>>> print(open('protein.cif').read())   # mmCIF, C-alpha atoms
data_protein
#
loop_
_atom_site.group_PDB
_atom_site.id
_atom_site.type_symbol
_atom_site.label_atom_id
_atom_site.label_comp_id
_atom_site.auth_asym_id
_atom_site.auth_seq_id
_atom_site.Cartn_x
_atom_site.Cartn_y
_atom_site.Cartn_z
ATOM 1 C CA MET A 673 -178.418 -18.643 -26.776
ATOM 2 C CA PRO A 674 -175.839 -19.852 -24.214
ATOM 3 C CA ARG A 675 -177.270 -19.861 -20.728
ATOM 4 C CA SER A 676 -174.329 -17.793 -19.413
ATOM 5 C CA TRP A 677 -175.636 -14.889 -21.489
ATOM 6 C CA ALA A 678 -179.222 -15.151 -20.326
ATOM 7 C CA PRO A 679 -180.763 -12.059 -18.689
ATOM 8 C CA ARG A 680 -181.604 -12.391 -15.044
ATOM 9 C CA ARG A 681 -184.576 -10.909 -13.244
ATOM 10 C CA THR A 682 -183.634 -8.148 -10.839
ATOM 11 C CA LEU A 683 -184.935 -5.057 -9.107
ATOM 12 C CA PHE A 684 -182.129 -2.550 -9.140
ATOM 13 C CA ARG A 685 -181.495 0.718 -10.883
ATOM 14 C CA GLY A 686 -180.498 0.588 -14.522
ATOM 15 C CA ALA A 687 -182.544 -2.483 -15.410
ATOM 16 C CA VAL A 688 -184.719 -2.664 -18.487
ATOM 17 C CA SER A 689 -188.355 -2.299 -17.469
ATOM 18 C CA VAL A 690 -191.182 -4.161 -19.187
ATOM 19 C CA GLY A 691 -194.397 -3.509 -17.291
ATOM 20 C CA PRO A 692 -193.990 -4.726 -13.711
ATOM 21 C CA GLU A 693 -190.875 -6.752 -14.571
ATOM 22 C CA PHE A 694 -187.325 -5.400 -14.469
ATOM 23 C CA LEU A 695 -184.502 -7.082 -16.344
ATOM 24 C CA VAL A 696 -180.796 -6.586 -16.599
ATOM 25 C CA LEU A 697 -179.213 -8.083 -19.688
ATOM 26 C CA ALA A 698 -175.879 -9.795 -19.133
ATOM 27 C CA GLY A 699 -175.153 -10.496 -22.772
ATOM 28 C CA PRO A 700 -173.227 -9.036 -25.701
ATOM 29 C CA PRO A 701 -174.754 -6.132 -27.677
ATOM 30 C CA SER A 702 -175.004 -8.316 -30.767
ATOM 31 C CA LEU A 703 -177.655 -10.445 -29.104
ATOM 32 C CA GLY A 704 -181.069 -10.188 -30.809
ATOM 33 C CA ALA A 705 -183.121 -7.652 -28.881
ATOM 34 C CA GLY A 706 -186.427 -9.475 -28.888
ATOM 35 C CA GLU A 707 -184.778 -12.820 -28.132
ATOM 36 C CA ALA A 708 -182.735 -11.374 -25.277
ATOM 37 C CA ILE A 709 -185.568 -9.710 -23.459
ATOM 38 C CA LEU A 710 -187.739 -12.805 -23.656
ATOM 39 C CA GLU A 711 -185.066 -15.244 -22.562
ATOM 40 C CA GLY A 712 -185.293 -16.008 -18.858
ATOM 41 C CA MET A 713 -188.782 -14.558 -18.417
ATOM 42 C CA ASP A 714 -191.630 -16.745 -17.216
ATOM 43 C CA ASP A 715 -194.256 -14.518 -18.767
ATOM 44 C CA LEU A 716 -193.736 -11.323 -20.751
ATOM 45 C CA SER A 717 -195.785 -8.557 -19.179
ATOM 46 C CA GLY A 718 -198.641 -7.704 -21.463
ATOM 47 C CA THR A 719 -199.161 -11.194 -22.775
ATOM 48 C CA GLY A 720 -201.950 -12.230 -20.486
ATOM 49 C CA GLY A 721 -200.112 -13.334 -17.318
ATOM 50 C CA LYS A 722 -200.904 -12.625 -13.693
ATOM 51 C CA ASP A 723 -198.271 -9.878 -13.569
ATOM 52 C CA ASP A 724 -200.099 -8.113 -16.392
ATOM 53 C CA LEU A 725 -203.422 -8.305 -14.547
ATOM 54 C CA ALA A 726 -201.802 -6.940 -11.388
ATOM 55 C CA GLY A 727 -200.142 -4.133 -13.325
ATOM 56 C CA PHE A 728 -203.346 -3.221 -15.123
ATOM 57 C CA LEU A 729 -205.383 -3.050 -11.907
ATOM 58 C CA ARG A 730 -202.675 -1.098 -10.082
ATOM 59 C CA THR A 731 -202.355 1.520 -12.806
ATOM 60 C CA ARG A 732 -206.144 1.896 -13.121
ATOM 61 C CA ARG A 733 -206.721 2.383 -9.386
ATOM 62 C CA SER A 734 -203.794 4.819 -9.167
ATOM 63 C CA ARG A 735 -205.675 7.136 -11.561
ATOM 64 C CA VAL A 736 -208.940 7.315 -9.655
ATOM 65 C CA ASP A 737 -209.384 10.511 -7.638
ATOM 66 C CA PRO A 738 -210.478 9.411 -4.126
ATOM 67 C CA ALA A 739 -212.494 12.592 -3.637
ATOM 68 C CA ALA A 740 -214.457 11.842 -6.823
ATOM 69 C CA VAL A 741 -215.733 8.574 -5.287
ATOM 70 C CA GLY A 742 -216.534 10.063 -1.890
ATOM 71 C CA ILE A 743 -213.341 9.200 0.017
ATOM 72 C CA PRO A 744 -212.037 12.049 2.220
ATOM 73 C CA VAL A 745 -208.470 13.085 1.425
ATOM 74 C CA ASP A 746 -206.086 14.974 3.693
ATOM 75 C CA SER A 747 -202.452 16.049 3.546
ATOM 76 C CA ARG A 748 -201.275 12.885 5.274
ATOM 77 C CA ARG A 749 -202.426 10.596 2.438
ATOM 78 C CA ARG A 750 -199.431 9.222 0.555
ATOM 79 C CA VAL A 751 -201.156 6.776 -1.808
ATOM 80 C CA GLN A 752 -201.791 7.925 -5.364
ATOM 81 C CA GLY A 753 -205.345 6.996 -6.333
ATOM 82 C CA LEU A 754 -207.221 4.278 -4.476
ATOM 83 C CA ARG A 755 -205.925 1.729 -2.013
ATOM 84 C CA ARG A 756 -206.717 -1.944 -2.531
ATOM 85 C CA GLU A 757 -209.171 -1.999 0.382
ATOM 86 C CA GLU A 758 -210.964 1.067 -1.021
ATOM 87 C CA VAL A 759 -211.399 -0.588 -4.406
ATOM 88 C CA ALA A 760 -212.719 -3.707 -2.662
ATOM 89 C CA HIS A 761 -215.191 -1.727 -0.538
ATOM 90 C CA LEU A 762 -216.505 0.326 -3.465
ATOM 91 C CA SER A 763 -216.816 -2.814 -5.615
ATOM 92 C CA GLY A 764 -218.683 -4.806 -2.954
ATOM 93 C CA VAL A 765 -216.084 -7.571 -2.613
ATOM 94 C CA SER A 766 -213.895 -8.572 0.317
ATOM 95 C CA VAL A 767 -210.406 -7.135 0.604
ATOM 96 C CA ASP A 768 -208.964 -10.650 0.587
ATOM 97 C CA TYR A 769 -210.764 -11.517 -2.644
ATOM 98 C CA TYR A 770 -209.612 -8.329 -4.382
ATOM 99 C CA VAL A 771 -206.017 -8.927 -3.296
ATOM 100 C CA ARG A 772 -206.174 -12.476 -4.649
ATOM 101 C CA LEU A 773 -207.703 -11.162 -7.889
ATOM 102 C CA GLU A 774 -204.971 -8.554 -8.307
ATOM 103 C CA GLN A 775 -202.359 -11.222 -7.667
ATOM 104 C CA GLY A 776 -203.906 -13.569 -10.227
ATOM 105 C CA ARG A 777 -204.963 -16.117 -7.601
ATOM 106 C CA ALA A 778 -208.743 -15.685 -7.969
ATOM 107 C CA THR A 779 -209.893 -17.624 -11.021
ATOM 108 C CA GLN A 780 -212.968 -16.983 -13.143
ATOM 109 C CA PRO A 781 -214.406 -13.856 -11.444
ATOM 110 C CA SER A 782 -218.076 -13.292 -12.171
ATOM 111 C CA GLU A 783 -219.413 -10.730 -14.624
ATOM 112 C CA GLN A 784 -220.903 -8.847 -11.668
ATOM 113 C CA VAL A 785 -217.489 -8.520 -10.003
ATOM 114 C CA LEU A 786 -215.796 -7.377 -13.195
ATOM 115 C CA ASP A 787 -218.608 -4.915 -13.919
ATOM 116 C CA ALA A 788 -218.271 -3.491 -10.402
ATOM 117 C CA LEU A 789 -214.510 -3.122 -10.776
ATOM 118 C CA ALA A 790 -214.933 -1.470 -14.161
ATOM 119 C CA ARG A 791 -217.387 1.016 -12.653
ATOM 120 C CA VAL A 792 -215.128 1.880 -9.704
ATOM 121 C CA LEU A 793 -211.990 2.137 -11.841
ATOM 122 C CA GLY A 794 -213.745 4.144 -14.567
ATOM 123 C CA LEU A 795 -212.880 1.721 -17.368
ATOM 124 C CA ASP A 796 -214.087 2.384 -20.878
ATOM 125 C CA GLU A 797 -215.438 -0.342 -23.157
ATOM 126 C CA ILE A 798 -212.005 -1.285 -24.521
ATOM 127 C CA GLU A 799 -210.454 -1.451 -21.038
ATOM 128 C CA ARG A 800 -213.410 -3.475 -19.752
ATOM 129 C CA GLY A 801 -212.864 -6.109 -22.436
ATOM 130 C CA HIS A 802 -209.146 -6.146 -21.705
ATOM 131 C CA LEU A 803 -209.838 -6.701 -17.990
ATOM 132 C CA ASP A 804 -212.088 -9.624 -18.858
ATOM 133 C CA ARG A 805 -209.389 -11.296 -20.958
ATOM 134 C CA LEU A 806 -206.736 -10.807 -18.295
ATOM 135 C CA ALA A 807 -208.891 -11.961 -15.378
ATOM 136 C CA ARG A 808 -210.221 -15.127 -16.976
ATOM 137 C CA LYS A 809 -208.103 -18.162 -17.810
ATOM 138 C CA PRO A 810 -209.150 -19.457 -21.244
ATOM 139 C CA ARG A 811 -209.064 -23.178 -21.915
ATOM 140 C CA ARG A 812 -206.932 -22.554 -24.964
ATOM 141 C CA ARG A 813 -204.628 -19.543 -25.143
ATOM 142 C CA ALA A 814 -204.707 -17.772 -28.490
ATOM 143 C CA LYS A 815 -201.489 -17.778 -30.516
ATOM 144 C CA GLY A 816 -202.760 -15.247 -33.026
ATOM 145 C CA PRO A 817 -204.365 -15.621 -36.449
ATOM 146 C CA HIS A 818 -202.255 -16.630 -39.418
ATOM 147 C CA ALA A 819 -204.492 -15.619 -42.300
ATOM 148 C CA LYS A 820 -203.018 -14.746 -45.677
ATOM 149 C CA VAL A 821 -204.045 -11.749 -47.728
ATOM 150 C CA ARG A 822 -206.478 -12.958 -50.358
ATOM 151 C CA PRO A 823 -205.932 -11.829 -53.986
ATOM 152 C CA GLU A 824 -209.379 -10.231 -53.914
ATOM 153 C CA LEU A 825 -208.204 -7.904 -51.137
ATOM 154 C CA LEU A 826 -205.255 -6.816 -53.242
ATOM 155 C CA ARG A 827 -207.687 -5.851 -55.993
ATOM 156 C CA VAL A 828 -209.668 -3.814 -53.477
ATOM 157 C CA LEU A 829 -206.491 -1.957 -52.488
ATOM 158 C CA ASP A 830 -205.821 -1.010 -56.095
ATOM 159 C CA LEU A 831 -209.400 0.215 -56.450
ATOM 160 C CA VAL A 832 -208.879 2.745 -53.642
ATOM 161 C CA ALA A 833 -207.966 5.782 -55.722
ATOM 162 C CA GLY A 834 -206.668 9.062 -54.352
ATOM 163 C CA ALA A 835 -205.989 7.779 -50.828
ATOM 164 C CA PRO A 836 -203.262 5.691 -49.158
ATOM 165 C CA ALA A 837 -204.676 2.282 -48.203
ATOM 166 C CA LEU A 838 -203.087 -0.531 -46.191
ATOM 167 C CA ILE A 839 -203.905 -3.971 -44.888
ATOM 168 C CA MET A 840 -202.431 -4.331 -41.400
ATOM 169 C CA ASP A 841 -202.495 -7.151 -38.854
ATOM 170 C CA HIS A 842 -202.626 -7.161 -35.044
ATOM 171 C CA ARG A 843 -198.817 -6.947 -34.822
ATOM 172 C CA LEU A 844 -198.912 -3.724 -36.881
ATOM 173 C CA ASP A 845 -197.240 -5.531 -39.767
ATOM 174 C CA VAL A 846 -198.324 -3.992 -43.064
ATOM 175 C CA ARG A 847 -199.371 -6.967 -45.136
ATOM 176 C CA ALA A 848 -200.071 -5.006 -48.324
ATOM 177 C CA GLY A 849 -200.476 -1.437 -49.487
ATOM 178 C CA ASN A 850 -201.471 0.526 -52.560
ATOM 179 C CA GLN A 851 -199.240 2.908 -54.506
ATOM 180 C CA LEU A 852 -200.078 5.992 -52.464
ATOM 181 C CA ALA A 853 -199.335 4.153 -49.227
ATOM 182 C CA GLU A 854 -195.840 3.321 -50.480
ATOM 183 C CA LEU A 855 -195.327 6.891 -51.640
ATOM 184 C CA LEU A 856 -196.518 8.206 -48.287
ATOM 185 C CA TYR A 857 -194.004 6.075 -46.353
ATOM 186 C CA GLY A 858 -191.302 6.530 -48.994
ATOM 187 C CA ARG A 859 -190.602 2.790 -49.103
ATOM 188 C CA PRO A 860 -192.219 -0.500 -50.111
ATOM 189 C CA THR A 861 -194.887 -1.586 -47.657
ATOM 190 C CA GLN A 862 -193.581 -5.164 -47.744
ATOM 191 C CA GLY A 863 -191.719 -5.755 -44.492
ATOM 192 C CA LEU A 864 -192.950 -2.537 -42.875
ATOM 193 C CA ASN A 865 -193.992 -2.734 -39.229
ATOM 194 C CA THR A 866 -195.373 0.618 -38.131
ATOM 195 C CA ALA A 867 -194.423 0.083 -34.471
ATOM 196 C CA ARG A 868 -190.758 -0.411 -35.392
ATOM 197 C CA HIS A 869 -191.016 2.445 -37.871
ATOM 198 C CA ILE A 870 -192.270 4.844 -35.195
ATOM 199 C CA PHE A 871 -190.101 3.771 -32.254
ATOM 200 C CA LEU A 872 -186.869 2.404 -33.697
ATOM 201 C CA GLU A 873 -186.215 4.134 -37.029
ATOM 202 C CA GLU A 874 -184.885 7.589 -36.158
ATOM 203 C CA ASP A 875 -184.948 8.747 -39.785
ATOM 204 C CA ALA A 876 -188.696 8.025 -39.943
ATOM 205 C CA ARG A 877 -189.639 10.058 -36.870
ATOM 206 C CA GLY A 878 -189.991 13.295 -38.834
ATOM 207 C CA LEU A 879 -192.693 11.733 -41.008
ATOM 208 C CA TYR A 880 -195.204 11.779 -38.137
ATOM 209 C CA ALA A 881 -196.494 15.273 -37.397
ATOM 210 C CA ASP A 882 -197.812 14.129 -34.016
ATOM 211 C CA TRP A 883 -195.171 11.561 -33.131
ATOM 212 C CA GLU A 884 -195.910 11.461 -29.395
ATOM 213 C CA LYS A 885 -199.601 10.706 -29.967
ATOM 214 C CA CYS A 886 -198.643 8.017 -32.476
ATOM 215 C CA THR A 887 -196.485 6.332 -29.841
ATOM 216 C CA LEU A 888 -199.394 6.320 -27.397
ATOM 217 C CA ASP A 889 -201.652 4.750 -30.019
ATOM 218 C CA VAL A 890 -199.101 2.067 -30.912
ATOM 219 C CA VAL A 891 -198.428 1.004 -27.325
ATOM 220 C CA GLY A 892 -202.143 0.988 -26.484
ATOM 221 C CA HIS A 893 -202.858 -1.227 -29.480
ATOM 222 C CA LEU A 894 -200.015 -3.653 -28.733
ATOM 223 C CA ARG A 895 -201.163 -3.939 -25.094
ATOM 224 C CA LEU A 896 -204.639 -4.815 -26.328
ATOM 225 C CA ALA A 897 -203.320 -7.286 -28.908
ATOM 226 C CA ALA A 898 -201.114 -8.958 -26.286
ATOM 227 C CA GLY A 899 -204.170 -9.566 -24.120
ATOM 228 C CA GLN A 900 -206.054 -11.020 -27.079
ATOM 229 C CA TYR A 901 -203.200 -13.250 -28.293
ATOM 230 C CA PRO A 902 -201.120 -14.104 -25.186
ATOM 231 C CA ASP A 903 -199.258 -16.981 -26.861
ATOM 232 C CA ASP A 904 -198.273 -15.237 -30.093
ATOM 233 C CA PRO A 905 -194.452 -15.610 -30.146
ATOM 234 C CA ARG A 906 -193.930 -13.055 -32.921
ATOM 235 C CA LEU A 907 -195.960 -10.463 -31.044
ATOM 236 C CA ALA A 908 -194.042 -11.152 -27.826
ATOM 237 C CA SER A 909 -190.741 -10.896 -29.710
ATOM 238 C CA LEU A 910 -191.793 -7.566 -31.226
ATOM 239 C CA ILE A 911 -192.698 -6.173 -27.801
ATOM 240 C CA GLY A 912 -189.348 -7.305 -26.454
ATOM 241 C CA GLU A 913 -187.503 -5.714 -29.363
ATOM 242 C CA LEU A 914 -189.298 -2.404 -28.874
ATOM 243 C CA ALA A 915 -188.655 -2.467 -25.132
ATOM 244 C CA MET A 916 -184.958 -3.089 -25.719
ATOM 245 C CA GLY A 917 -184.635 -0.355 -28.320
ATOM 246 C CA SER A 918 -186.805 2.475 -27.014
ATOM 247 C CA GLU A 919 -186.855 4.067 -23.575
ATOM 248 C CA ARG A 920 -190.131 5.820 -24.428
ATOM 249 C CA PHE A 921 -191.725 2.490 -25.317
ATOM 250 C CA ARG A 922 -190.682 1.070 -21.924
ATOM 251 C CA ARG A 923 -192.187 4.025 -20.065
ATOM 252 C CA LEU A 924 -195.463 3.884 -21.987
ATOM 253 C CA TRP A 925 -195.703 0.088 -21.684
ATOM 254 C CA ALA A 926 -195.442 0.343 -17.900
ATOM 255 C CA ARG A 927 -198.591 2.500 -17.866
ATOM 256 C CA ALA A 928 -200.637 -0.523 -19.045
ATOM 257 C CA ASP A 929 -202.924 1.591 -21.231
ATOM 258 C CA VAL A 930 -204.980 -0.212 -23.870
ATOM 259 C CA LYS A 931 -206.432 1.306 -27.013
ATOM 260 C CA ALA A 932 -208.159 -0.024 -30.104
ATOM 261 C CA ARG A 933 -207.258 1.241 -33.553
ATOM 262 C CA THR A 934 -210.046 3.504 -34.683
ATOM 263 C CA HIS A 935 -210.882 6.441 -36.932
ATOM 264 C CA GLY A 936 -209.328 9.853 -36.449
ATOM 265 C CA ARG A 937 -206.871 12.454 -37.662
ATOM 266 C CA LYS A 938 -203.433 11.365 -38.862
ATOM 267 C CA ALA A 939 -200.969 14.042 -39.917
ATOM 268 C CA TYR A 940 -197.720 13.486 -41.801
ATOM 269 C CA HIS A 941 -194.812 15.776 -42.748
ATOM 270 C CA HIS A 942 -193.931 14.392 -46.146
ATOM 271 C CA PRO A 943 -190.481 15.461 -47.406
ATOM 272 C CA LEU A 944 -191.765 16.032 -50.961
ATOM 273 C CA VAL A 945 -195.268 17.502 -50.600
ATOM 274 C CA GLY A 946 -195.320 18.923 -47.081
ATOM 275 C CA LEU A 947 -198.034 18.562 -44.437
ATOM 276 C CA LEU A 948 -200.733 15.976 -45.141
ATOM 277 C CA GLU A 949 -203.687 16.082 -42.729
ATOM 278 C CA LEU A 950 -205.518 12.827 -43.350
ATOM 279 C CA HIS A 951 -208.502 11.067 -41.809
ATOM 280 C CA GLN A 952 -208.011 7.408 -40.947
ATOM 281 C CA GLU A 953 -210.817 4.860 -41.157
ATOM 282 C CA ASN A 954 -210.321 1.247 -40.065
ATOM 283 C CA PHE A 955 -212.355 -1.620 -41.480
ATOM 284 C CA ALA A 956 -212.031 -4.992 -39.732
ATOM 285 C CA LEU A 957 -211.731 -7.838 -42.224
ATOM 286 C CA PRO A 958 -213.885 -10.962 -41.780
ATOM 287 C CA ASP A 959 -212.917 -14.508 -40.780
ATOM 288 C CA ALA A 960 -211.330 -13.431 -37.471
ATOM 289 C CA SER A 961 -208.109 -12.699 -39.356
ATOM 290 C CA GLY A 962 -207.037 -9.912 -37.012
ATOM 291 C CA MET A 963 -206.389 -7.774 -40.098
ATOM 292 C CA GLU A 964 -207.867 -4.412 -40.956
ATOM 293 C CA LEU A 965 -208.166 -2.340 -44.107
ATOM 294 C CA ILE A 966 -206.950 1.168 -43.276
ATOM 295 C CA VAL A 967 -207.773 4.085 -45.573
ATOM 296 C CA LEU A 968 -206.278 7.556 -45.130
ATOM 297 C CA SER A 969 -208.476 10.079 -46.916
ATOM 298 C CA ALA A 970 -208.215 13.825 -47.490
ATOM 299 C CA GLU A 971 -211.001 16.368 -47.189
ATOM 300 C CA PRO A 972 -212.281 17.285 -50.671
ATOM 301 C CA GLY A 973 -210.875 20.547 -51.940
ATOM 302 C CA SER A 974 -208.204 20.721 -49.241
ATOM 303 C CA ALA A 975 -204.490 21.372 -49.556
ATOM 304 C CA THR A 976 -203.953 17.784 -48.435
ATOM 305 C CA GLN A 977 -205.986 16.476 -51.376
ATOM 306 C CA ASP A 978 -203.789 18.553 -53.685
ATOM 307 C CA GLY A 979 -200.736 17.138 -51.922
ATOM 308 C CA LEU A 980 -201.890 13.559 -52.479
ATOM 309 C CA ARG A 981 -202.509 14.271 -56.152
ATOM 310 C CA LEU A 982 -199.018 15.718 -56.459
ATOM 311 C CA LEU A 983 -197.580 12.694 -54.652
ATOM 312 C CA ALA A 984 -199.444 10.324 -56.954
ATOM 313 C CA GLY A 985 -198.087 12.217 -59.966
ATOM 314 C CA LEU A 986 -194.546 11.986 -58.677
ATOM 315 C CA GLY A 987 -194.908 8.238 -58.360
ATOM 316 C CA ALA A 988 -196.686 7.625 -61.651
ATOM 317 C CA GLY A 989 -195.216 4.754 -63.615
ATOM 318 C CA GLU A 990 -193.170 3.386 -60.704
ATOM 319 C CA ARG A 991 -195.767 0.865 -59.505
ATOM 320 C CA PRO A 992 -195.592 -2.746 -60.771
ATOM 321 C CA ALA A 993 -198.721 -4.344 -62.076
ATOM 322 C CA PRO A 994 -201.011 -5.697 -59.325
ATOM 323 C CA LYS A 995 -200.498 -9.294 -60.425
ATOM 324 C CA THR A 996 -196.762 -9.043 -59.686
ATOM 325 C CA ARG A 997 -197.209 -7.498 -56.237
ATOM 326 C CA ARG A 998 -195.966 -9.503 -53.279
ATOM 327 C CA THR A 999 -197.328 -9.360 -49.760
ATOM 328 C CA THR A 1000 -195.780 -10.193 -46.435
ATOM 329 C CA GLY A 1001 -196.522 -13.603 -45.010
ATOM 330 C CA SER A 1002 -198.487 -14.362 -41.872
#
>>> encode(input="protein.cif", output="C-alpha cells")
Amino acid sequence: MPRSWAPRRTLFRGAVSVGPEFLVLAGPPSLGAGEAILEGMDDLSGTGGKDDLAGFLRTRRSRVDPAAVGIPVDSRRRVQGLRREEVAHLSGVSVDYYVRLEQGRATQPSEQVLDALARVLGLDEIERGHLDRLARKPRRRAKGPHAKVRPELLRVLDLVAGAPALIMDHRLDVRAGNQLAELLYGRPTQGLNTARHIFLEEDARGLYADWEKCTLDVVGHLRLAAGQYPDDPRLASLIGELAMGSERFRRLWARADVKARTHGRKAYHHPLVGLLELHQENFALPDASGMELIVLSAEPGSATQDGLRLLAGLGAGERPAPKTRRTTGS
C-alpha cells in the first residue's frame, strides 16, 4: 500500500476506534479493510500489547463499585469505578508500581500481585488468565496454531446424526461441518467465518434469534484469542476488518471483555423450519490445535428436534460423499 494512503493515529472525533487506539483512514474506500486498519499501527489493541493491558485494567476498575469495597462515595466523586491509587491500596502494592503495571512498564509481576488485582477487580477465571497473558512478556510470542483437520475428524462429523456439528478454530473459521450444519447456515461451511457472518453479512443477521448476545460472545472470544496468539497475522487482520466494517464491533471491542466459548443455549430463526432452540456443547480437540468440535443438539421430543428432522429431510441427497468433502486450510 502506498505510504501516502496510510492511516495516521489521531485523537479527534470521527476516527475509527479499536480499543484504546483511534485511527482516521486517509485512503480510498477500495482499500482492504483489515490491511488498512493495521497499516501504521505499532500494535493492534487486543493482540497482547501494553495498550491492551492498560485498556483491560482501566475497564475492569471502572466497573468496580467503590462502596462494595468499603470506599466512601459522595456526590462530588466524578470517577467511574476505582481510581488507580485505590486499586493499588486494595491490592497491597504501591501506587507507582500499579501505574507502571497499567502502562506496561512493570515486567513479570508476581502471582501474588496478579491474584490481588484479580480479587480487587472481581475477575473471573477466564479474565484472570487473560490478565496473566497480558501482564507477562513471553519469550516467544504465539503466532497461532496451524493444524489441519485430520480425516478421522471428518468421519466423526459424519457420525453426528440429528445435530449440526462443526469444527471451528480460534479465529472462528469453520474448518469443516456436517450436512445439518450446512443446512442450518444455508451455505457450505467451507470459507465460513462466524464473526464475519454475524457482524458483516446483513442478510445473515436474521438467522440469529439473539443477535446481540451472539455479538458479545464473538467479541469476548476474539479478545481472548488475541491475548493467546498476539502474533497471529490472520487473527489481527480479521479484527481489523471487523472494526472497519461494524460500529457495534468497535464499541464492544473497546470494552475489553473476554469470554471463552462454552456450552449454552443457541437459538436460530431458520427461514425454512422456523425457530430452532439448540444447546451448544464445545469439545476442545487435542494437540493444542486451537480447534473445537461444536455440537448443537435439540431436546428430545421438542419442536426443535422435529425442525431438525424436517431440515435434514429437505437436504437429503444434496450432500456429497464424505471422501469428496473439502475443508478450509489452516
>>> closest_atom_pairs(input="protein.cif", of="stretch 794-886 of chain A", to="stretch 766-789 of chain A", cutoff="10 Å", atoms="only C-alpha atoms", output="tab-separated table")
residue	atom	partner	partner_atom	distance
A:Gly794	CA	A:Leu789	CA	8.2
A:Leu795	CA	A:Leu789	CA	8.3
A:Arg800	CA	A:Asp787	CA	7.9
A:Gly801	CA	A:Leu786	CA	9.8
A:Leu803	CA	A:Leu786	CA	7.7
A:Asp804	CA	A:Leu786	CA	7.1
A:Leu806	CA	A:Gly776	CA	9.0
A:Ala807	CA	A:Gln780	CA	6.8
A:Arg808	CA	A:Gln780	CA	5.1
A:Lys809	CA	A:Gln780	CA	6.8
A:Pro810	CA	A:Gln780	CA	9.3
>>> residues_around(input="protein.cif", residues="stretch 878-895 of chain A", least_positions_apart="5", cutoff="8 Å", atoms="all atoms listed in the file", output="list of chain:residue names")
A:Gly718, A:Thr719, A:His842, A:Arg843, A:Tyr857, A:Ala867, A:Ile870, A:Phe871, A:Ile911, A:Phe921, A:Leu924, A:Trp925, A:Ala928, A:Asp929, A:Val930, A:Lys931, A:Ala932, A:Arg933, A:Lys938, A:Ala939, A:Tyr940, A:His941, A:His942, A:Pro943, A:Leu947
>>> closest_residue(input="protein.cif", among="A:Pro738, A:Gly834, A:Pro860, A:Gly912", to="A:Ala898", atoms="all atoms listed in the file")
A:Gly912
>>> residues_around(input="protein.cif", residues="stretch 968-970 of chain A", least_positions_apart="3", cutoff="6 Å", atoms="all atoms listed in the file", output="PDB file with C-alpha atoms, in the frame of the given file")
ATOM      1  CA  ALA A 835    -205.989   7.779 -50.828  1.00  0.00           C
ATOM      2  CA  PRO A 836    -203.262   5.691 -49.158  1.00  0.00           C
ATOM      3  CA  LEU A 950    -205.518  12.827 -43.350  1.00  0.00           C
ATOM      4  CA  HIS A 951    -208.502  11.067 -41.809  1.00  0.00           C
ATOM      5  CA  GLN A 952    -208.011   7.408 -40.947  1.00  0.00           C
ATOM      6  CA  THR A 976    -203.953  17.784 -48.435  1.00  0.00           C
ATOM      7  CA  GLN A 977    -205.986  16.476 -51.376  1.00  0.00           C
TER       8      GLN A 977
END
>>> closest_residue(input="protein.cif", among="A:Leu896, A:Leu980, A:Ala988, A:Leu948", to="A:Phe728", atoms="all atoms listed in the file")
A:Leu896
>>> axis_aligned_box(input="protein.cif", around="stretch 845-855 of chain A", padding_each_side="8 Å", output="lines of an AutoDock Vina configuration file")
center_x = -198.4
center_y = 0.0
center_z = -47.1
size_x = 22.1
size_y = 29.9
size_z = 30.7
>>> resolve_selection(input="protein.cif", expression="the PyMOL selection byres ((chain A and resi 859) around 12)", output="ChimeraX atom specification")
/A:846,849-858,860-865,869,876,987,990-991
>>> atom_distance(input="protein.cif", atom1="atom CA of A:Leu965", atom2="atom CA of A:Met840")
6.6 Å
>>> atom_distance(input="protein.cif", atom1="atom CA of A:Ala975", atom2="atom CA of A:Leu844")
28.7 Å
>>> atom_distance(input="protein.cif", atom1="atom CA of A:Arg827", atom2="atom CA of A:Asp959")
18.3 Å
>>> closest_residue(input="protein.cif", among="A:Arg927, A:Pro905, A:Glu797, A:His935", to="A:Ser734", atoms="only C-alpha atoms")
A:Arg927
>>> resolve_selection(input="protein.cif", expression="the PyMOL selection byres ((chain A and resi 819) around 8)", output="list in words")
Pro817, His818, Lys820, Val821, Ser961 and Ser1002 of chain A
>>> closest_residue(input="protein.cif", among="A:Ala897, A:Val745, A:Val967, A:Leu957", to="A:Ala833", atoms="only C-alpha atoms")
A:Val967
>>> closest_residue(input="protein.cif", among="A:Asp724, A:Ala926, A:Thr866, A:Arg981", to="A:Asp841", atoms="only C-alpha atoms")
A:Thr866
>>> closest_residue(input="protein.cif", among="A:Ile798, A:Val741, A:Ala837, A:Val736", to="A:Leu754", atoms="all atoms listed in the file")
A:Val736
>>> resolve_selection(input="protein.cif", expression="the PyMOL selection byres ((chain A and resi 955) around 8)", output="ChimeraX atom specification")
/A:953-954,956-957,964-966
>>> write_last_selection(input="protein.cif", atoms="C-alpha atoms", output="mmCIF file, in the frame of the given file")
data_model
loop_
_atom_site.group_PDB
_atom_site.id
_atom_site.type_symbol
_atom_site.label_atom_id
_atom_site.label_comp_id
_atom_site.auth_asym_id
_atom_site.auth_seq_id
_atom_site.Cartn_x
_atom_site.Cartn_y
_atom_site.Cartn_z
ATOM 1 C CA GLU A 953 -210.817 4.860 -41.157
ATOM 2 C CA ASN A 954 -210.321 1.247 -40.065
ATOM 3 C CA ALA A 956 -212.031 -4.992 -39.732
ATOM 4 C CA LEU A 957 -211.731 -7.838 -42.224
ATOM 5 C CA GLU A 964 -207.867 -4.412 -40.956
ATOM 6 C CA LEU A 965 -208.166 -2.340 -44.107
ATOM 7 C CA ILE A 966 -206.950 1.168 -43.276
#
